[in-house]
Amino acid sequence: LFVTQGDPPGKTGVAAISLGIFKCLMEYQFESGNGDDTMTRKEAFDQKIANEAPVRNNFPGIKRVLITLDDPKHIANADREGIFMELRLSQLMEYLSQEDEKARDQYTSESKNEEDAHVKTTPSLPETIEESIDHRMETLTMEAHRHSTSSNRQSTVKAPRLSTKQYAMLQEVTKSAFRKLCGEITIIHTIERERIPPWSVTGFYPVGLDLGLIKEDEYICYCG
């Protein structure tokens, strides 16, 4: 599965990079099946593209999945080229909540310690992710305020926008849900870790790491 998160189509930006990576993956995993050893996988793939128009929703092997907010505008503007399936943030949150509840039920039923009964009343996994995002937003906002009041020049530290939260939720819930569903995940950043602005949506990646939902070695950088 190749998962993207509702970025609008364009010649540059995340949507363009995502589509480029997706097509590269398809090229290298495609088998021509014609027995002609002189034809490279890329040539065979290009031939299939030429012979089978439209290719939309007909990609071999790798399937592209689209995740969006429940917001109608975000849904309408998303890049859908080659999409096999699309889901909403609310559906992934429900999936995580259900899986979390199953794990809690199993834990409390197997535990002989009566004190473990409180596990049933602790926040669900989506709620825990949201609390962590809220805490990070508050911390970044306070830090930006301190910088702006302690310097006469314009601060390079910025507070996250209010709209950042919903996209950070989309980002972290999507990663956590697909890692739980698939057992492993590879997350592609298009910028080096040290250059990611902490107030950007991507800058909220430590949330999943800090909660133990994502492993450090599951991040790679597509920085060309």
# chains A, B, ... in the order shown; residues from 1 in each chain; ligands from 1

call {"tool": "residues_around", "arguments": {"residues": "region 4-19 of chain A", "least_positions_apart": "4", "cutoff": "7 Å", "atoms": "only C-alpha atoms", "output": "list in words"}}
result
Lys23, Val65, Leu66, Ile67, Thr68, His74, Ile75, Asn77, Ala78 and Asp79 of chain A

call {"tool": "closest_residue", "arguments": {"among": "A:Ile185, A:Met93, A:Cys24, A:Val201", "to": "Glu218 (chain A)", "atoms": "only C-alpha atoms"}}
result
A:Ile185

call {"tool": "closest_residue", "arguments": {"among": "A:Phe178, A:Tyr167, A:Trp199, A:Tyr222", "to": "Leu69 (chain A)", "atoms": "only C-alpha atoms"}}
result
A:Tyr167

call {"tool": "residues_around", "arguments": {"residues": "Asp70 (chain A)", "least_positions_apart": "5", "cutoff": "9 Å", "atoms": "only C-alpha atoms", "output": "ChimeraX atom specification"}}
result
/A:75,88-90

call {"tool": "write_last_selection", "arguments": {"atoms": "N, CA and C atoms", "output": "PDB file, in the first residue's frame"}}
result
ATOM      1  N   ILE A  75     -11.701  16.798   0.800  1.00  0.00           N
ATOM      2  CA  ILE A  75     -12.032  15.613   0.004  1.00  0.00           C
ATOM      3  C   ILE A  75     -12.051  15.956  -1.482  1.00  0.00           C
ATOM      4  N   ARG A  88     -11.543   8.087   5.214  1.00  0.00           N
ATOM      5  CA  ARG A  88     -11.596   9.352   5.952  1.00  0.00           C
ATOM      6  C   ARG A  88     -10.868   9.209   7.289  1.00  0.00           C
ATOM      7  N   LEU A  89     -10.448  10.333   7.816  1.00  0.00           N
ATOM      8  CA  LEU A  89      -9.774  10.344   9.118  1.00  0.00           C
ATOM      9  C   LEU A  89     -10.654   9.696  10.182  1.00  0.00           C
ATOM     10  N   SER A  90     -11.941   9.992  10.167  1.00  0.00           N
ATOM     11  CA  SER A  90     -12.852   9.443  11.182  1.00  0.00           C
ATOM     12  C   SER A  90     -12.879   7.916  11.150  1.00  0.00           C
TER      13      SER A  90
END
